[in-house]
Structures are given as C-alpha cells and as structure tokens.
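Containing mmCIF, C-alpha atoms: work-v2.cif.
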data_my_file
loop_
_atom_site.label_atom_id
_atom_site.label_comp_id
_atom_site.auth_asym_id
_atom_site.auth_seq_id
_atom_site.Cartn_x
_atom_site.Cartn_y
_atom_site.Cartn_z
CA GLY M 1044 40.76 -92.53 -38.28
CA VAL M 1045 37.10 -93.11 -37.54
CA ILE M 1046 37.96 -95.11 -34.41
CA ALA M 1047 40.44 -92.44 -33.19
CA THR M 1048 37.92 -89.67 -33.80
CA LEU M 1049 35.22 -91.48 -31.86
CA LEU M 1050 37.57 -91.99 -28.89
CA ILE M 1051 38.61 -88.30 -28.61
CA THR M 1052 36.70 -86.27 -26.01
CA PRO M 1053 34.89 -83.41 -27.81
CA LYS M 1054 35.71 -79.83 -26.68
CA TYR M 1055 33.29 -76.90 -26.82
CA GLU M 1056 34.56 -73.31 -26.92
CA ALA M 1057 32.32 -70.38 -25.89
CA SER M 1058 33.26 -66.75 -26.48
CA ALA M 1059 32.14 -63.59 -24.64
CA ARG M 1060 33.05 -60.24 -26.18
CA ILE M 1061 33.78 -57.15 -24.09
CA GLU M 1062 34.76 -53.57 -24.89
CA ILE M 1063 37.59 -51.88 -22.98
CA SER M 1064 37.63 -48.08 -23.28
CA ARG M 1065 40.61 -45.99 -22.33
CA VAL M 1066 40.09 -43.84 -19.21
CA ASP M 1067 41.20 -40.24 -19.85
CA ASN M 1068 42.23 -38.54 -16.65
CA ASN M 1069 43.30 -35.30 -18.32
CA VAL M 1070 42.29 -33.57 -21.52
CA THR M 1071 45.22 -31.89 -23.23
CA ALA M 1072 45.84 -30.15 -26.51
CA VAL M 1073 49.58 -29.88 -26.51
CA GLU M 1074 51.81 -30.71 -29.47
CA GLY M 1075 53.55 -34.05 -29.01
CA VAL M 1076 50.95 -35.46 -26.65
CA GLU M 1077 49.25 -37.52 -29.39
CA THR M 1078 52.31 -39.74 -29.89
CA GLN M 1079 52.66 -40.17 -26.16
CA ASP M 1080 48.99 -41.15 -25.88
CA GLN M 1081 49.50 -43.85 -28.50
CA VAL M 1082 52.29 -45.37 -26.45
CA LEU M 1083 50.17 -45.15 -23.32
CA ASP M 1084 47.26 -46.80 -25.14
CA ALA M 1085 49.44 -49.74 -26.15
CA GLN M 1086 50.70 -50.11 -22.59
CA TYR M 1087 47.19 -49.79 -21.21
CA TYR M 1088 45.68 -52.52 -23.38
CA GLU M 1089 48.61 -54.87 -22.88
CA THR M 1090 48.06 -54.43 -19.17
CA GLN M 1091 44.35 -55.23 -19.52
CA TYR M 1092 45.12 -58.38 -21.51
CA GLU M 1093 47.48 -59.58 -18.79
CA LEU M 1094 44.92 -58.77 -16.10
CA LEU M 1095 42.36 -60.88 -17.97
CA GLN M 1096 44.71 -63.86 -17.58
CA ALA M 1097 45.72 -63.14 -13.97
CA ARG M 1098 45.54 -65.87 -11.36
CA SER M 1099 43.60 -63.55 -9.05
CA LEU M 1100 40.87 -63.22 -11.67
CA ALA M 1101 40.70 -67.02 -12.09
CA GLU M 1102 40.31 -67.36 -8.32
CA GLN M 1103 37.52 -64.78 -8.38
CA VAL M 1104 35.73 -66.70 -11.18
CA MET M 1105 36.09 -69.87 -9.12
CA ARG M 1106 34.56 -68.20 -6.05
CA ASP M 1107 31.80 -66.32 -7.87
CA GLY M 1108 30.83 -69.36 -9.95
CA GLU M 1109 31.09 -71.70 -6.95
CA LEU M 1110 33.09 -74.13 -9.08
CA LEU M 1111 34.47 -75.97 -6.06
CA GLY M 1112 30.96 -77.22 -5.38
CA THR M 1113 30.00 -77.84 -9.02
CA PRO M 1114 30.26 -81.56 -9.89
CA ALA M 1115 29.89 -80.83 -13.61
CA PHE M 1116 33.20 -78.94 -13.60
CA ALA M 1117 35.08 -81.77 -11.86
CA GLU M 1118 33.58 -84.37 -14.15
CA ALA M 1119 34.32 -82.34 -17.29
CA PHE M 1120 38.01 -82.08 -16.50
CA GLY M 1121 38.39 -85.36 -14.63
CA LEU M 1122 39.24 -83.78 -11.28
CA ASP M 1123 38.78 -85.42 -7.90
CA PRO M 1124 37.41 -82.94 -5.28
CA SER M 1125 38.62 -85.17 -2.44
CA VAL M 1126 42.27 -84.91 -3.43
CA GLU M 1127 44.37 -82.39 -1.49
CA GLY M 1128 45.06 -79.19 -3.44
CA TYR M 1129 41.85 -79.41 -5.43
CA GLU M 1130 41.41 -75.61 -5.32
CA ASN M 1131 44.79 -75.01 -6.97
CA ARG M 1132 43.99 -77.59 -9.65
CA VAL M 1133 40.73 -75.79 -10.41
CA VAL M 1134 42.56 -72.46 -10.80
CA ARG M 1135 45.25 -74.01 -13.04
CA THR M 1136 42.55 -75.68 -15.13
CA LEU M 1137 40.73 -72.41 -15.62
CA LEU M 1138 43.92 -70.60 -16.70
CA ALA M 1139 44.88 -73.45 -19.02
CA ASN M 1140 41.55 -73.39 -20.87
CA VAL M 1141 40.88 -69.66 -21.13
CA SER M 1142 42.22 -67.56 -23.99
CA ILE M 1143 42.17 -63.79 -24.44
CA VAL M 1144 41.94 -62.73 -28.07
CA PRO M 1145 41.95 -59.00 -29.03
CA VAL M 1146 39.73 -58.24 -32.02
CA GLY M 1147 41.99 -56.55 -34.55
CA SER M 1148 43.06 -53.02 -33.58
CA SER M 1149 39.75 -52.26 -31.90
CA ASN M 1150 38.85 -51.94 -28.25
CA LEU M 1151 37.03 -55.28 -28.37
CA VAL M 1152 38.38 -58.40 -26.68
CA ASP M 1153 37.07 -61.97 -26.87
CA ILE M 1154 37.17 -64.11 -23.73
CA ARG M 1155 37.12 -67.73 -24.87
CA PHE M 1156 36.81 -70.78 -22.64
CA LYS M 1157 37.09 -74.38 -23.80
CA SER M 1158 35.77 -77.42 -21.94
CA PRO M 1159 34.09 -80.82 -22.66
CA ASP M 1160 30.78 -79.29 -21.50
CA ALA M 1161 29.24 -76.71 -23.86
CA ALA M 1162 27.00 -75.16 -21.19
CA LEU M 1163 29.89 -75.00 -18.74
CA SER M 1164 32.08 -73.25 -21.31
CA ALA M 1165 29.43 -70.55 -21.91
CA ARG M 1166 28.86 -70.14 -18.19
CA ILE M 1167 32.54 -69.72 -17.33
CA ALA M 1168 33.16 -67.32 -20.26
CA ASN M 1169 30.34 -65.08 -19.05
CA ASP M 1170 31.51 -65.34 -15.43
CA TRP M 1171 35.00 -64.39 -16.56
CA ALA M 1172 33.75 -61.19 -18.24
CA GLU M 1173 31.63 -60.21 -15.26
CA ALA M 1174 34.46 -60.93 -12.80
CA PHE M 1175 36.84 -58.77 -14.85
CA ILE M 1176 34.38 -55.85 -14.79
CA ALA M 1177 33.92 -56.26 -11.03
CA SER M 1178 37.67 -56.42 -10.36
CA ASN M 1179 38.22 -53.31 -12.50
CA LEU M 1180 35.64 -51.36 -10.52
CA ALA M 1181 37.12 -52.67 -7.28
CA ARG M 1182 40.59 -51.44 -8.25
CA ARG M 1183 39.30 -48.01 -9.22
CA PHE M 1184 37.19 -47.74 -6.08
CA GLY M 1185 40.18 -48.82 -4.03
CA ALA M 1186 42.26 -46.03 -5.57
CA THR M 1187 39.49 -43.54 -4.82
CA ALA M 1188 39.18 -44.80 -1.27
CA GLU M 1189 42.94 -44.49 -0.75
CA ALA M 1190 42.84 -40.95 -2.14
CA ARG M 1191 39.96 -40.06 0.20
CA GLN M 1192 41.80 -41.58 3.14
CA PHE M 1193 44.97 -39.64 2.29
CA LEU M 1194 43.03 -36.40 1.86
CA GLU M 1195 41.23 -36.97 5.15
CA SER M 1196 44.54 -37.31 7.00
CA ARG M 1197 45.96 -34.22 5.26
CA LEU M 1198 42.78 -32.26 6.02
CA ALA M 1199 43.05 -33.18 9.69
CA GLN M 1200 46.67 -31.99 9.77
CA LEU M 1201 45.88 -28.74 7.95
CA ARG M 1202 42.86 -28.10 10.14
CA GLU M 1203 45.00 -28.44 13.24
CA ARG M 1204 47.69 -26.18 11.76
CA LEU M 1205 45.07 -23.59 10.82
CA GLU M 1206 43.53 -23.65 14.28
CA ASN M 1207 46.94 -23.27 15.93
CA ALA M 1208 47.92 -20.42 13.58
CA GLU M 1209 44.65 -18.56 14.20
CA ARG M 1210 44.95 -19.07 17.95
CA GLU M 1211 48.55 -17.76 17.92
CA LEU M 1212 47.51 -14.76 15.82
CA ILE M 1213 44.64 -13.85 18.17
CA THR M 1214 46.83 -14.27 21.25
CA TYR M 1215 49.61 -12.12 19.80
CA GLY M 1216 47.15 -9.42 18.72
CA SER M 1217 45.40 -9.29 22.09
CA GLU M 1218 48.68 -9.10 24.03
CA ARG M 1219 49.84 -6.11 21.94
CA ASN M 1220 46.44 -4.45 21.49
CA LEU M 1221 46.56 -5.10 17.73
CA PHE M 1222 42.85 -5.21 16.99
CA ALA M 1223 42.72 -4.67 13.25
CA LEU M 1224 39.45 -3.11 12.16
CA GLN M 1225 40.24 -4.03 8.55
CA SER M 1226 42.76 -6.56 7.26
CA SER M 1227 45.48 -5.28 4.96
CA SER M 1228 45.33 -6.72 1.46
CA ASP M 1229 49.07 -6.87 0.77
CA GLY M 1230 50.35 -7.83 4.23
CA ASP M 1231 52.24 -4.56 4.72
CA SER M 1232 53.01 -3.90 8.38
CA GLU M 1233 52.48 -0.16 8.07
CA GLU M 1234 49.12 -0.76 6.42
CA THR M 1235 48.10 -3.15 9.18
CA ALA M 1236 49.09 -0.69 11.89
CA SER M 1237 47.08 2.06 10.21
CA GLN M 1238 43.92 -0.09 10.44
CA THR M 1239 44.04 -0.73 14.20
CA LEU M 1240 41.80 0.75 16.88
CA VAL M 1241 44.70 2.86 18.19
CA ALA M 1242 45.21 4.34 14.72
CA ARG M 1243 41.53 5.24 14.46
CA ASN M 1244 41.59 6.83 17.93
CA LEU M 1245 44.75 8.75 17.05
CA GLU M 1246 43.12 10.07 13.90
CA ALA M 1247 40.03 11.20 15.83
CA LEU M 1248 42.13 12.84 18.58
CA ASN M 1249 44.23 14.65 15.97
CA GLN M 1250 41.08 16.18 14.54
CA ALA M 1251 39.86 17.14 18.03
CA LEU M 1252 43.28 18.62 18.83
CA ALA M 1253 43.17 20.74 15.69
CA GLN M 1254 39.77 22.08 16.70
CA ALA M 1255 40.95 22.72 20.27
CA THR M 1256 44.01 24.59 18.98
CA THR M 1257 41.77 26.78 16.82
CA ALA M 1258 39.50 27.52 19.82
CA ARG M 1259 42.50 28.35 22.03
CA ILE M 1260 43.93 30.76 19.42
CA ALA M 1261 40.54 32.48 19.15
CA ALA M 1262 40.30 32.77 22.95
CA GLN M 1263 43.83 34.18 23.15
CA SER M 1264 42.95 36.79 20.53
CA ALA M 1265 39.91 37.73 22.59
CA VAL M 1266 42.09 38.19 25.68
CA ASN M 1267 44.48 40.41 23.77
CA ALA M 1268 41.60 42.43 22.39
CA ALA M 1269 40.03 42.83 25.84
CA ASN M 1270 43.05 44.82 27.00
CA SER M 1271 42.17 47.57 24.54
CA SER M 1272 38.47 47.23 23.88
CA LEU M 1273 35.80 44.65 24.32
CA GLN M 1274 34.69 42.45 21.50
CA PRO M 1275 31.11 43.02 20.27
CA ALA M 1276 29.94 39.76 21.82
CA ASP M 1277 31.41 40.64 25.22
CA ALA M 1278 30.31 44.31 25.07
CA ALA M 1279 26.62 43.44 24.69
CA GLY M 1280 25.99 43.95 28.44
CA VAL M 1281 28.00 47.18 28.65
CA GLN M 1282 26.56 49.08 25.69
CA PRO M 1283 23.09 49.76 27.23
CA LEU M 1284 24.75 51.16 30.32
CA GLN M 1285 27.04 53.36 28.25
CA GLN M 1286 24.07 54.64 26.20
CA GLN M 1287 22.10 55.41 29.35
CA ARG M 1288 25.10 57.25 30.82
CA ALA M 1289 25.46 59.30 27.65
CA GLU M 1290 21.81 60.35 27.82
CA LEU M 1291 22.09 61.29 31.49
CA ALA M 1292 25.30 63.22 30.85
CA ALA M 1293 23.62 65.21 28.06
CA GLU M 1294 20.65 66.05 30.28
CA ARG M 1295 22.95 67.13 33.12
CA ALA M 1296 24.90 69.39 30.78
CA LYS M 1297 21.69 71.24 29.82
CA LEU M 1298 20.66 71.71 33.42
CA ARG M 1299 24.12 72.95 34.38
CA ALA M 1300 23.94 75.63 31.76
CA THR M 1301 20.67 77.05 33.13
CA ALA M 1302 20.46 76.04 36.80
CA GLY M 1303 24.05 75.68 37.93
CA GLU M 1304 26.04 72.90 39.62
CA GLU M 1305 24.18 72.95 42.93
CA TYR M 1306 20.76 72.51 41.41
CA PRO M 1307 19.16 69.38 42.96
CA ALA M 1308 18.31 67.82 39.62
CA VAL M 1309 21.94 68.23 38.50
CA VAL M 1310 23.17 66.62 41.71
CA ALA M 1311 20.76 63.69 41.20
CA LEU M 1312 21.91 63.20 37.64
CA THR M 1313 25.54 63.25 38.80
CA GLU M 1314 24.82 60.49 41.31
CA GLN M 1315 23.09 58.39 38.67
CA ILE M 1316 26.02 58.86 36.31
CA GLU M 1317 28.45 57.75 39.04
CA GLN M 1318 26.39 54.61 39.68
CA LEU M 1319 26.39 53.84 35.96
CA ASP M 1320 30.18 54.30 35.84
CA THR M 1321 30.50 51.78 38.67
CA GLU M 1322 28.27 49.25 36.88
CA ILE M 1323 30.14 49.77 33.59
CA SER M 1324 33.47 49.14 35.31
CA ARG M 1325 32.11 46.02 36.97
CA SER M 1326 30.70 44.75 33.66
CA ARG M 1327 34.04 45.34 31.97
CA ARG M 1328 35.82 43.38 34.68
CA GLU M 1329 33.31 40.52 34.46
CA SER M 1330 33.60 40.41 30.66
CA GLY M 1331 37.37 40.32 30.87
CA GLY M 1332 37.21 37.52 33.46
CA ALA M 1333 34.88 35.47 31.26
CA ILE M 1334 37.24 35.94 28.31
CA ALA M 1335 40.19 34.85 30.44
CA ALA M 1336 38.23 31.85 31.74
CA ARG M 1337 37.37 30.77 28.21
CA TYR M 1338 41.02 31.07 27.26
CA ARG M 1339 42.13 29.00 30.24
CA GLU M 1340 39.53 26.33 29.45
CA ALA M 1341 40.55 26.22 25.78
CA ALA M 1342 44.24 26.01 26.71
CA ALA M 1343 43.58 23.21 29.22
CA THR M 1344 41.54 21.24 26.63
CA GLU M 1345 44.29 21.64 24.07
CA ALA M 1346 46.96 20.51 26.51
CA GLU M 1347 44.96 17.45 27.55
CA LEU M 1348 44.30 16.44 23.95
CA ARG M 1349 47.93 16.98 23.04
CA ALA M 1350 49.03 14.73 25.89
CA GLN M 1351 46.62 12.02 24.73
CA VAL M 1352 47.83 12.38 21.14
CA ASN M 1353 51.46 12.07 22.24
CA ALA M 1354 50.66 8.94 24.24
CA LEU M 1355 48.78 7.37 21.33
CA GLN M 1356 51.60 8.27 18.98
CA GLN M 1357 54.03 6.30 21.13
CA GLU M 1358 51.61 3.37 21.21
CA PHE M 1359 51.13 3.61 17.44
CA VAL M 1360 54.88 3.48 16.86
CA GLY M 1361 55.06 0.38 19.04
CA GLN M 1362 52.19 -1.18 17.10
CA ARG M 1363 54.02 -0.58 13.84
CA ARG M 1364 56.93 -2.61 15.19
CA ASP M 1365 54.63 -5.34 16.50
CA SER M 1366 52.61 -5.47 13.31
CA VAL M 1367 55.61 -6.91 11.43
CA GLN M 1368 55.33 -10.16 13.40
CA TYR M 1369 51.54 -9.86 13.33
CA ASN M 1370 51.56 -9.85 9.52
CA ILE M 1371 53.86 -12.87 9.46
CA LEU M 1372 51.36 -14.75 11.60
CA GLN M 1373 48.50 -13.44 9.44
CA ARG M 1374 50.16 -14.70 6.26
CA GLU M 1375 50.64 -18.11 7.86
CA VAL M 1376 46.95 -18.20 8.71
CA ASP M 1377 46.02 -17.19 5.15
CA THR M 1378 48.34 -19.82 3.65
CA ASN M 1379 46.98 -22.60 5.84
CA ARG M 1380 43.41 -21.51 5.12
CA ALA M 1381 44.05 -21.50 1.35
CA LEU M 1382 45.63 -24.97 1.49
CA TYR M 1383 42.80 -26.30 3.63
CA THR M 1384 40.14 -24.83 1.32
CA ALA M 1385 41.79 -26.24 -1.81
CA LEU M 1386 42.23 -29.68 -0.26
CA LEU M 1387 38.66 -29.67 1.03
CA GLN M 1388 37.41 -28.81 -2.46
CA ARG M 1389 39.44 -31.70 -3.91
CA TYR M 1390 38.03 -34.02 -1.24
CA ARG M 1391 34.49 -32.98 -2.18
CA GLU M 1392 35.21 -33.51 -5.87
CA ILE M 1393 36.41 -37.05 -5.20
CA GLY M 1394 33.33 -37.69 -3.08
CA VAL M 1395 31.04 -36.50 -5.88
CA ALA M 1396 32.95 -38.22 -8.69
CA GLY M 1397 33.33 -41.54 -6.89
CA VAL M 1398 34.82 -44.19 -9.13
CA GLY M 1399 33.44 -42.52 -12.24
CA LYS M 1400 31.86 -44.32 -15.15
CA ASN M 1401 32.60 -47.97 -15.97
CA ASN M 1402 34.98 -48.19 -18.92
CA ILE M 1403 34.40 -51.93 -19.54
CA ALA M 1404 31.18 -53.30 -21.00
CA ILE M 1405 29.97 -56.67 -22.23
CA VAL M 1406 29.19 -56.52 -25.92
CA ASP M 1407 28.15 -60.14 -26.56
CA THR M 1408 27.52 -62.81 -23.97
CA ALA M 1409 28.74 -66.34 -24.57
CA GLU M 1410 26.16 -68.76 -25.93
CA VAL M 1411 26.06 -72.54 -25.65
#

Could you quickly redo this structure as structure tokens?
Amino acid sequence: GVIATLLITPKYEASARIEISRVDNNVTAVEGVETQDQVLDAQYYETQYELLQARSLAEQVMRDGELLGTPAFAEAFGLDPSVEGYENRVVRTLLANVSIVPVGSSNLVDIRFKSPDAALSARIANDWAEAFIASNLARRFGATAEARQFLESRLAQLRERLENAERELITYGSERNLFALQSSSDGDSEETASQTLVARNLEALNQALAQATTARIAAQSAVNAANSSLQPADAAGVQPLQQQRAELAAERAKLRATAGEEYPAVVALTEQIEQLDTEISRSRRESGGAIAARYREAAATEAELRAQVNALQQEFVGQRRDSVQYNILQREVDTNRALYTALLQRYREIGVAGVGKNNIAIVDTAEV
C-alpha cells in the first residue's frame, strides 16, 4: 500500500465560488405568478450550470489563459504540444477536470478544477469564473445590440412611412385648398372642414353680409320716407331755408295789409320768397338723390357680398367632401407618428439601460 501510494500522481483541487442572481425583466404582482417564477428559476439555474460546463467556455478559458503556450499545463497532464489536434486535447482535458457544484439551494456555485499542479488548478478555476462572467455579459450585450439593430431598422421604416404620409397629406391639402387653421381632435370631417381658411372667410363674409343687409334695409326705408317727407338728417339743409321763407312771408303779409300788392317792398319780398322756393325745391331734389344713391350703394354691396358668400358656400361644401379623405390621411400621419415616437422612446431606453447590471459575481477566488 505504501509503494502504491508513493507511485500515484497527487491531484490538487482548487475551488472558486460565484453567485448567480436571477435577472428580473418584469415585476408582477399577479396571483399564480409565484409558482411560475419557481419553475423559471429552476430552468434558469439548470441552464447556467450547463453553460458553466460548455465547450465554448472551455475554449474561452484556453484562449484567455493562453494554455496552448503554457508548458506547465502540458507537463501536468502529459500532453505533447507537437502532436496534431493538441488544441482539442486541451479543451477535452479542461472539461474532464472541471466540476460545477451548486451550494445547497442557494445562488452560490463552486467551480472546481483538479490537476497535478496546485497553482495551475487555482489559476484555471479563477480563469473559469472570470470567463463565465465575461461570456454572460457578452450574451446580454449581444441581445441588446440585436434589439438596437432591429429597432434602428424599424425606426428607418417608420420614419420613411411618416415622411411619405405627411408629404401625401400636404399635397392633398394644397391641391384642394384644405389649409386647416386648427386640427380637429376627433378626426371628424365636418369638424376639419369648419377649421379651414375657407370656413373662416365664409364666417367673416356672413357677418359682413348681415351688416350690409341691415344697411340696405335702412337705406330703402329712407327712400320710402323721402317720398312723403325728408328724414331729419336729410332735412338739415332745407330747414334754414324754410324758416327764412316763413319769416319773409310773414313780413310780406304785414306790408300787404298796409301798403298793398304793388308796394315795392312787397314786390321785393315776393321775389325773395320765390328764390327761396326754388332753392328749397333744389335741396329737396338733391336730398332725395343722395338717399337714392345711398340705397343703390347699399344694395350693390349686399349683392356683391351675397355672391361671394354663395361662391364660398359651394367651395365649403366641396371641402366637406374632400375633408373625408383628408382626415383619413391625417389619421395615418398621426398613427405613424405615434408608432415612431414610441419606438424611438424604446430605442433611447435601450441605449440608456445598456446591458444592465452584472448578475454574476465572484464570491471567493480559488487559492493554491
């Protein structure tokens, strides 16, 4: 027994301990989710244990530790670097001598490596833990990079669709004179048509037409009144003449009573009264002509405004028909803009979040 023990090559096992925390993508508080999380936890940790023993991880340890150029490794395991396929033998040797041991029901895992060289065992156990952390971060960063790449392509597509939709909306609106001063909130075609420049002009012309109609009615009343008697405003120039005539007529009546009809002063007063009668008649005619002119002007203004209102009404009716398609194009623009904004926000969130925090940490390094 002593001889056999002395002939056996001694093996040294080093152990590095790491902690693997579960990554929670979503926080929920729904009944029944707890049981599902337990199943997912079991699957997650079984996956991590298998990844710790993956060939790709052994190859990474070989590259990071430069084991192909380490004579101590070849000597410890009796490998010949000059033999063809040496790299595969190194990988198989690493996998054959590493063991992954979960620590109870905790999140801790021991990475143990056994070799004839105590220092080499500690070195490879530590390299194994560090390589696993690096590969985990690489996988998560790769997923983030793929998500960013996908979002970039979708953003480019949505940006192009949004630009095309906006360009089509502007072209359609300009061709049909649909310049909306204020966008409708509910996408109703009638509401959109009521916010256009034509609608505003029609509203203003309707108010002007109402005022013109009122002015024309007032002018027509003045014309009718002028046939019987002048209005106070139009009789302002006639009243002084009528008052002067009345005074002259009273003076002539006194002189007639005492001096007779042929008296020179009576004759002079008669001539003055006749001149005043002529001026009063002329003033009445001029006042009546001014009233008629104002009526004609008011009627012409009303007719012109009514014609403009009728034309705008026809255009407004046409805009109401066109605004149906306009609102369809507007909703497409709004939908594309909402999608683009939401996707852009998600893209920014991924850019800020990055790969997130590292969920694997080394608790104890392997010692010789």

I need the output of the PyMOL selection byres ((chain M and resi 1151) around 7) for this file as JSON, numbers by chain; which residues are they? {"M": [1060, 1061, 1062, 1063, 1145, 1146, 1149, 1150, 1152, 1153]}

Given the file above and the PyMOL selection byres ((chain M and resi 1209) around 10), which residues are selected, and can you give them as a PyMOL selection string? chain M and resi 1203-1208+1210-1215+1372-1373+1375-1377+1379-1380

Convert the current residue selection to file output with C-alpha atoms, as a compact mmCIF listing (two decimals), keeping the file's coordinate frame.
# COMPACT_ATOMS: atom_id res chain seq x y z
CA GLU M 1203 45.00 -28.44 13.24
CA ARG M 1204 47.69 -26.18 11.76
CA LEU M 1205 45.07 -23.59 10.82
CA GLU M 1206 43.53 -23.65 14.28
CA ASN M 1207 46.94 -23.27 15.93
CA ALA M 1208 47.92 -20.42 13.58
CA ARG M 1210 44.95 -19.07 17.95
CA GLU M 1211 48.55 -17.76 17.92
CA LEU M 1212 47.51 -14.76 15.82
CA ILE M 1213 44.64 -13.85 18.17
CA THR M 1214 46.83 -14.27 21.25
CA TYR M 1215 49.61 -12.12 19.80
CA LEU M 1372 51.36 -14.75 11.60
CA GLN M 1373 48.50 -13.44 9.44
CA GLU M 1375 50.64 -18.11 7.86
CA VAL M 1376 46.95 -18.20 8.71
CA ASP M 1377 46.02 -17.19 5.15
CA ASN M 1379 46.98 -22.60 5.84
CA ARG M 1380 43.41 -21.51 5.12

Nearby residues (all atoms listed in the file) at most 12 Å from Lys1157 in chain M, same-chain spacing under 5 positions excluded, as a PDB file with C-alpha atoms, in the frame of the given file:
ATOM      1  CA  PRO M1053      34.890 -83.410 -27.810  1.00  0.00           C
ATOM      2  CA  LYS M1054      35.710 -79.830 -26.680  1.00  0.00           C
ATOM      3  CA  TYR M1055      33.290 -76.900 -26.820  1.00  0.00           C
ATOM      4  CA  GLU M1056      34.560 -73.310 -26.920  1.00  0.00           C
ATOM      5  CA  ALA M1057      32.320 -70.380 -25.890  1.00  0.00           C
ATOM      6  CA  SER M1058      33.260 -66.750 -26.480  1.00  0.00           C
ATOM      7  CA  ALA M1059      32.140 -63.590 -24.640  1.00  0.00           C
ATOM      8  CA  PHE M1116      33.200 -78.940 -13.600  1.00  0.00           C
ATOM      9  CA  ALA M1119      34.320 -82.340 -17.290  1.00  0.00           C
ATOM     10  CA  PHE M1120      38.010 -82.080 -16.500  1.00  0.00           C
ATOM     11  CA  THR M1136      42.550 -75.680 -15.130  1.00  0.00           C
ATOM     12  CA  LEU M1137      40.730 -72.410 -15.620  1.00  0.00           C
ATOM     13  CA  LEU M1138      43.920 -70.600 -16.700  1.00  0.00           C
ATOM     14  CA  ALA M1139      44.880 -73.450 -19.020  1.00  0.00           C
ATOM     15  CA  ASN M1140      41.550 -73.390 -20.870  1.00  0.00           C
ATOM     16  CA  VAL M1141      40.880 -69.660 -21.130  1.00  0.00           C
ATOM     17  CA  SER M1142      42.220 -67.560 -23.990  1.00  0.00           C
ATOM     18  CA  ILE M1143      42.170 -63.790 -24.440  1.00  0.00           C
ATOM     19  CA  ALA M1162      27.000 -75.160 -21.190  1.00  0.00           C
ATOM     20  CA  LEU M1163      29.890 -75.000 -18.740  1.00  0.00           C
ATOM     21  CA  SER M1164      32.080 -73.250 -21.310  1.00  0.00           C
ATOM     22  CA  ALA M1165      29.430 -70.550 -21.910  1.00  0.00           C
ATOM     23  CA  ARG M1166      28.860 -70.140 -18.190  1.00  0.00           C
ATOM     24  CA  ILE M1167      32.540 -69.720 -17.330  1.00  0.00           C
ATOM     25  CA  ALA M1168      33.160 -67.320 -20.260  1.00  0.00           C
ATOM     26  CA  ALA M1409      28.740 -66.340 -24.570  1.00  0.00           C
ATOM     27  CA  VAL M1411      26.060 -72.540 -25.650  1.00  0.00           C
TER      28      VAL M1411
END

Axis-aligned box for all listed atoms of range 1299-1307 of chain M, 5 Å per side, centre and edges in Å to one decimal, as lines of an AutoDock Vina configuration file:
center_x = 22.6
center_y = 73.2
center_z = 37.4
size_x = 16.9
size_y = 17.7
size_z = 21.2

Apply the PyMOL selection byres ((chain M and resi 1123-1131) around 9) to the structure shown and report the selected residues as a list in words.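 Output from the PyMOL selection byres ((chain M and resi 1123-1131) around 9), applied to this file: Glu1102, Met1105, Leu1111, Gly1112, Pro1114, Ala1117, Glu1118, Gly1121, Leu1122, Arg1132, Val1133, Val1134, Arg1135 and Thr1136 of chain M.
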
Among listed residues M:Ala1161, M:Ala1292, M:Ala1097, M:Ala1302, nearest Leu1319 in chain M (using only C-alpha atoms):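 When distances to Leu1319 in chain M are compared using only C-alpha atoms, the smallest one comes from M:Ala1292.
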
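What separates CA of Asn1249 in chain M from CA of Leu1348 in chain M is a distance of 8.2 Å.
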
Counting only C-alpha atoms, closest pick from M:Arg1191, M:Arg1219, M:Arg1389, M:Arg1098 relative to Phe1175 in chain M is M:Arg1098

Just how far from CA of Leu1180 in chain M is CA of Asn1401 in chain M, in Å to one decimal?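 Separation of CA of Asn1401 in chain M and CA of Leu1180 in chain M: 7.1 Å.
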
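Atom to atom, CA of Thr1321 in chain M and CA of Arg1288 in chain M stand 11.0 Å apart.
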
Pick out the closest residue to Pro1159 in chain M from this set: M:Glu1305, M:Gln1287, M:Thr1052, M:Val1045. Count only C-alpha atoms. M:Thr1052

If you count only C-alpha atoms, which residues fall within 12 Å of range 1251-1253 of chain M, apart from same-chain ones fewer than 2 positions away, as an MDAnalysis selection string? chainID M and resid 1244:1249 1255:1260 1341:1353

Only C-alpha atoms, please: the residues just picked out, written as an mmCIF file, keeping the file's coordinate frame.
data_model
loop_
_atom_site.group_PDB
_atom_site.id
_atom_site.type_symbol
_atom_site.label_atom_id
_atom_site.label_comp_id
_atom_site.auth_asym_id
_atom_site.auth_seq_id
_atom_site.Cartn_x
_atom_site.Cartn_y
_atom_site.Cartn_z
ATOM 1 C CA ASN M 1244 41.590 6.830 17.930
ATOM 2 C CA LEU M 1245 44.750 8.750 17.050
ATOM 3 C CA GLU M 1246 43.120 10.070 13.900
ATOM 4 C CA ALA M 1247 40.030 11.200 15.830
ATOM 5 C CA LEU M 1248 42.130 12.840 18.580
ATOM 6 C CA ASN M 1249 44.230 14.650 15.970
ATOM 7 C CA ALA M 1255 40.950 22.720 20.270
ATOM 8 C CA THR M 1256 44.010 24.590 18.980
ATOM 9 C CA THR M 1257 41.770 26.780 16.820
ATOM 10 C CA ALA M 1258 39.500 27.520 19.820
ATOM 11 C CA ARG M 1259 42.500 28.350 22.030
ATOM 12 C CA ILE M 1260 43.930 30.760 19.420
ATOM 13 C CA ALA M 1341 40.550 26.220 25.780
ATOM 14 C CA ALA M 1342 44.240 26.010 26.710
ATOM 15 C CA ALA M 1343 43.580 23.210 29.220
ATOM 16 C CA THR M 1344 41.540 21.240 26.630
ATOM 17 C CA GLU M 1345 44.290 21.640 24.070
ATOM 18 C CA ALA M 1346 46.960 20.510 26.510
ATOM 19 C CA GLU M 1347 44.960 17.450 27.550
ATOM 20 C CA LEU M 1348 44.300 16.440 23.950
ATOM 21 C CA ARG M 1349 47.930 16.980 23.040
ATOM 22 C CA ALA M 1350 49.030 14.730 25.890
ATOM 23 C CA GLN M 1351 46.620 12.020 24.730
ATOM 24 C CA VAL M 1352 47.830 12.380 21.140
ATOM 25 C CA ASN M 1353 51.460 12.070 22.240
#

For Arg1155 in chain M, which of M:Gln1200, M:Thr1113, M:Gln1318, M:Thr1408 is the closest residue, counting all atoms listed in the file?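 Nearest to Arg1155 in chain M: M:Thr1408.
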